[in-house]
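Data first, discussion second: the structure below is written as structure tokens.
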Amino acid sequence: RARPDAVARERGFAVSSAPHDAPRKLYTGPQIKLFRVLVRFKLAQLVGVGGLATPALTIGAGEAVSNTLIGAAIATAIGSVACGAALQYYASRYVGELALVAQRRRDVSVDALRISTMDFWGNRVDEIIPMDDVVPPLKGLSADALEEIAAQMFIPLDVVGGRQYVLSLRHGNLRNRDALFDVLSAGEYGKRN
């Protein structure tokens with residue numbers, strides 16, 4: 001398979017003079033800093049759950065607690081858990097950055113994909129995925145279908161034996177558009193252009 005920098009040279013695009021081992025950034029997710037703040041605000045939900053302490057302490061002191069207060073405490077707990085779980089689910093799948101990196105296999109350098117997401121605390125988590133394990137979502141599509149899918153809000157990126165990630169090509173920063181589309185189409189995009 002042709003390397004993205006070789007394809008870019010063939011097409012007459014400027015190629016970075018960075019060393020081959022340096023990551024070649026292909027995509028940056030939209031509003032990633034805002035999303036990181038939202039993920040970190042999950043901790044503020046703990047304050048809401050802390051509000052459950054009042055009814056619990058009142059019951060523990062042997063005093064009567066109104067059904068409204070108990071219902072509100074239960075609703076707060078369920079809402080906090082549901083919101084936190086949903087936010088964490090998407091934070092661990094939403095791609096903040098996609099980059100090509102060199103990976104050593106049996107003393108040979110091969111391309112791999114670095115997928116950056118977030119952990120529970122909103123910190124960056126980088127996973128290096130061999131290109132063989134990436135299921136290209138744009139492979140085998142006609143030019144019209146490619147354009148239609150690229151305009152969707154989210155595009156799934158499956159990894160064999162791993163999880164499904166999501167990209168937003170429509171709103172994201174395509175830092176190296178040709179190389180990105182080559183990766184997402186298993187090199188078919190470069191053959192068309």
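As shown in the structure tokens, the chain order sets the letters A, B, ...; within each chain, residues go from 1, and ligands are also counted from 1 in the order they appear.
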Give me every helix (DSSP H, G or I) residue in range 29-170 of chain A, going by DSSP on the backbone, as a PyMOL selection string.
chain A and resi 32-40+42-50+53-60+67-91+131-133+143-150
Per-residue nearest contacts range 65-101 of chain A to range 109-129 of chain A, cut-off 12 Å, using only C-alpha atoms, as JSON lines:
```
{"residue": "A:Gly84", "atom": "CA", "partner": "A:Phe120", "partner_atom": "CA", "distance": 9.2}
{"residue": "A:Ala85", "atom": "CA", "partner": "A:Phe120", "partner_atom": "CA", "distance": 9.6}
{"residue": "A:Ala86", "atom": "CA", "partner": "A:Phe120", "partner_atom": "CA", "distance": 11.3}
{"residue": "A:Leu87", "atom": "CA", "partner": "A:Phe120", "partner_atom": "CA", "distance": 9.1}
{"residue": "A:Gln88", "atom": "CA", "partner": "A:Phe120", "partner_atom": "CA", "distance": 6.1}
{"residue": "A:Tyr89", "atom": "CA", "partner": "A:Phe120", "partner_atom": "CA", "distance": 9.3}
{"residue": "A:Tyr90", "atom": "CA", "partner": "A:Met118", "partner_atom": "CA", "distance": 9.0}
{"residue": "A:Ala91", "atom": "CA", "partner": "A:Met118", "partner_atom": "CA", "distance": 5.4}
{"residue": "A:Ser92", "atom": "CA", "partner": "A:Met118", "partner_atom": "CA", "distance": 5.3}
{"residue": "A:Arg93", "atom": "CA", "partner": "A:Thr117", "partner_atom": "CA", "distance": 6.3}
{"residue": "A:Tyr94", "atom": "CA", "partner": "A:Thr117", "partner_atom": "CA", "distance": 6.0}
{"residue": "A:Val95", "atom": "CA", "partner": "A:Thr117", "partner_atom": "CA", "distance": 5.2}
{"residue": "A:Gly96", "atom": "CA", "partner": "A:Ser116", "partner_atom": "CA", "distance": 5.4}
{"residue": "A:Glu97", "atom": "CA", "partner": "A:Ser116", "partner_atom": "CA", "distance": 5.1}
{"residue": "A:Leu98", "atom": "CA", "partner": "A:Ile115", "partner_atom": "CA", "distance": 5.0}
{"residue": "A:Ala99", "atom": "CA", "partner": "A:Arg114", "partner_atom": "CA", "distance": 5.1}
{"residue": "A:Leu100", "atom": "CA", "partner": "A:Leu113", "partner_atom": "CA", "distance": 4.8}
{"residue": "A:Val101", "atom": "CA", "partner": "A:Ala112", "partner_atom": "CA", "distance": 5.3}
```
Choose the residue, out of A:Gly29, A:Pro136, A:Gly50, A:Gly79, that has the smallest atom-to-atom separation from Asn173 in chain A; count only C-alpha atoms.
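Going through A:Gly29, A:Pro136, A:Gly50, A:Gly79 one by one, the smallest distance to Asn173 in chain A is for A:Gly29.
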So which residues of range 35-151 of chain A fall under strand (DSSP E) by DSSP, listed as a PDB file with C-alpha atoms, in the first residue's frame?
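Okay, this is what ended up in result-v6.pdb:
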```
ATOM      1  CA  GLU A  97      -7.209  13.662  17.238  1.00  0.00           C
ATOM      2  CA  LEU A  98      -6.286  11.150  14.570  1.00  0.00           C
ATOM      3  CA  ALA A  99      -2.661  10.814  13.475  1.00  0.00           C
ATOM      4  CA  LEU A 100      -0.461   8.457  11.515  1.00  0.00           C
ATOM      5  CA  VAL A 101       2.515   7.176  13.474  1.00  0.00           C
ATOM      6  CA  ALA A 102       5.301   4.748  12.732  1.00  0.00           C
ATOM      7  CA  GLN A 103       5.142   1.507  14.672  1.00  0.00           C
ATOM      8  CA  ARG A 104       7.983  -1.007  14.903  1.00  0.00           C
ATOM      9  CA  ARG A 105       7.112  -4.601  13.977  1.00  0.00           C
ATOM     10  CA  VAL A 108      10.302  -2.899  10.321  1.00  0.00           C
ATOM     11  CA  SER A 109       8.555   0.456  10.554  1.00  0.00           C
ATOM     12  CA  VAL A 110       4.884   0.267   9.537  1.00  0.00           C
ATOM     13  CA  ASP A 111       2.134   2.875   9.683  1.00  0.00           C
ATOM     14  CA  ALA A 112      -0.315   2.790  12.553  1.00  0.00           C
ATOM     15  CA  LEU A 113      -3.159   5.059  13.579  1.00  0.00           C
ATOM     16  CA  ARG A 114      -3.031   7.005  16.836  1.00  0.00           C
ATOM     17  CA  ILE A 115      -6.552   7.619  18.099  1.00  0.00           C
ATOM     18  CA  SER A 116      -6.886  10.150  20.919  1.00  0.00           C
ATOM     19  CA  THR A 117      -9.936  10.094  23.193  1.00  0.00           C
ATOM     20  CA  MET A 118     -10.628  11.027  26.841  1.00  0.00           C
ATOM     21  CA  ARG A 124      -6.195  12.563  26.834  1.00  0.00           C
ATOM     22  CA  VAL A 125      -5.821   8.851  26.107  1.00  0.00           C
ATOM     23  CA  ASP A 126      -3.795   7.789  23.058  1.00  0.00           C
ATOM     24  CA  GLU A 127      -4.248   4.351  21.533  1.00  0.00           C
ATOM     25  CA  ILE A 128      -1.967   3.091  18.760  1.00  0.00           C
ATOM     26  CA  ILE A 129      -3.895   0.845  16.368  1.00  0.00           C
ATOM     27  CA  PRO A 130      -2.168  -1.128  13.580  1.00  0.00           C
ATOM     28  CA  VAL A 134      -8.798  -0.422  11.263  1.00  0.00           C
ATOM     29  CA  VAL A 135     -11.983  -1.069   9.288  1.00  0.00           C
TER      30      VAL A 135
END
```
Could you list, as a PyMOL selection string, every residue within 8 Å of Arg175 in chain A, counting only C-alpha atoms and ignoring same-chain residues fewer than 4 positions away?
chain A and resi 25-28
Who sits within 8 Å of Pro137 in chain A, only C-alpha atoms, same chain under 2 positions skipped, as a PyMOL selection string:
chain A and resi 135+139+155-158+184-185
With C-alpha atoms retained, could you export that selection as a JSON list (two decimals), in the first residue's frame?
```
[["chain", "number", "residue", "atom", "x", "y", "z"],
["A", 135, "VAL", "CA", -11.98, -1.07, 9.29],
["A", 139, "LYS", "CA", -13.93, 1.82, 1.49],
["A", 155, "ILE", "CA", -18.84, 8.70, 10.95],
["A", 156, "PRO", "CA", -18.11, 5.44, 12.75],
["A", 157, "LEU", "CA", -14.53, 4.15, 12.81],
["A", 158, "ASP", "CA", -14.43, 0.48, 13.78],
["A", 184, "LEU", "CA", -10.57, 6.03, 5.77],
["A", 185, "SER", "CA", -10.95, 4.47, 2.31]]
```
In Å to one decimal, how far is CA of Asp133 in chain A from CA of Val159 in chain A?
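Going from CA of Val159 in chain A over to CA of Asp133 in chain A covers 5.5 Å.
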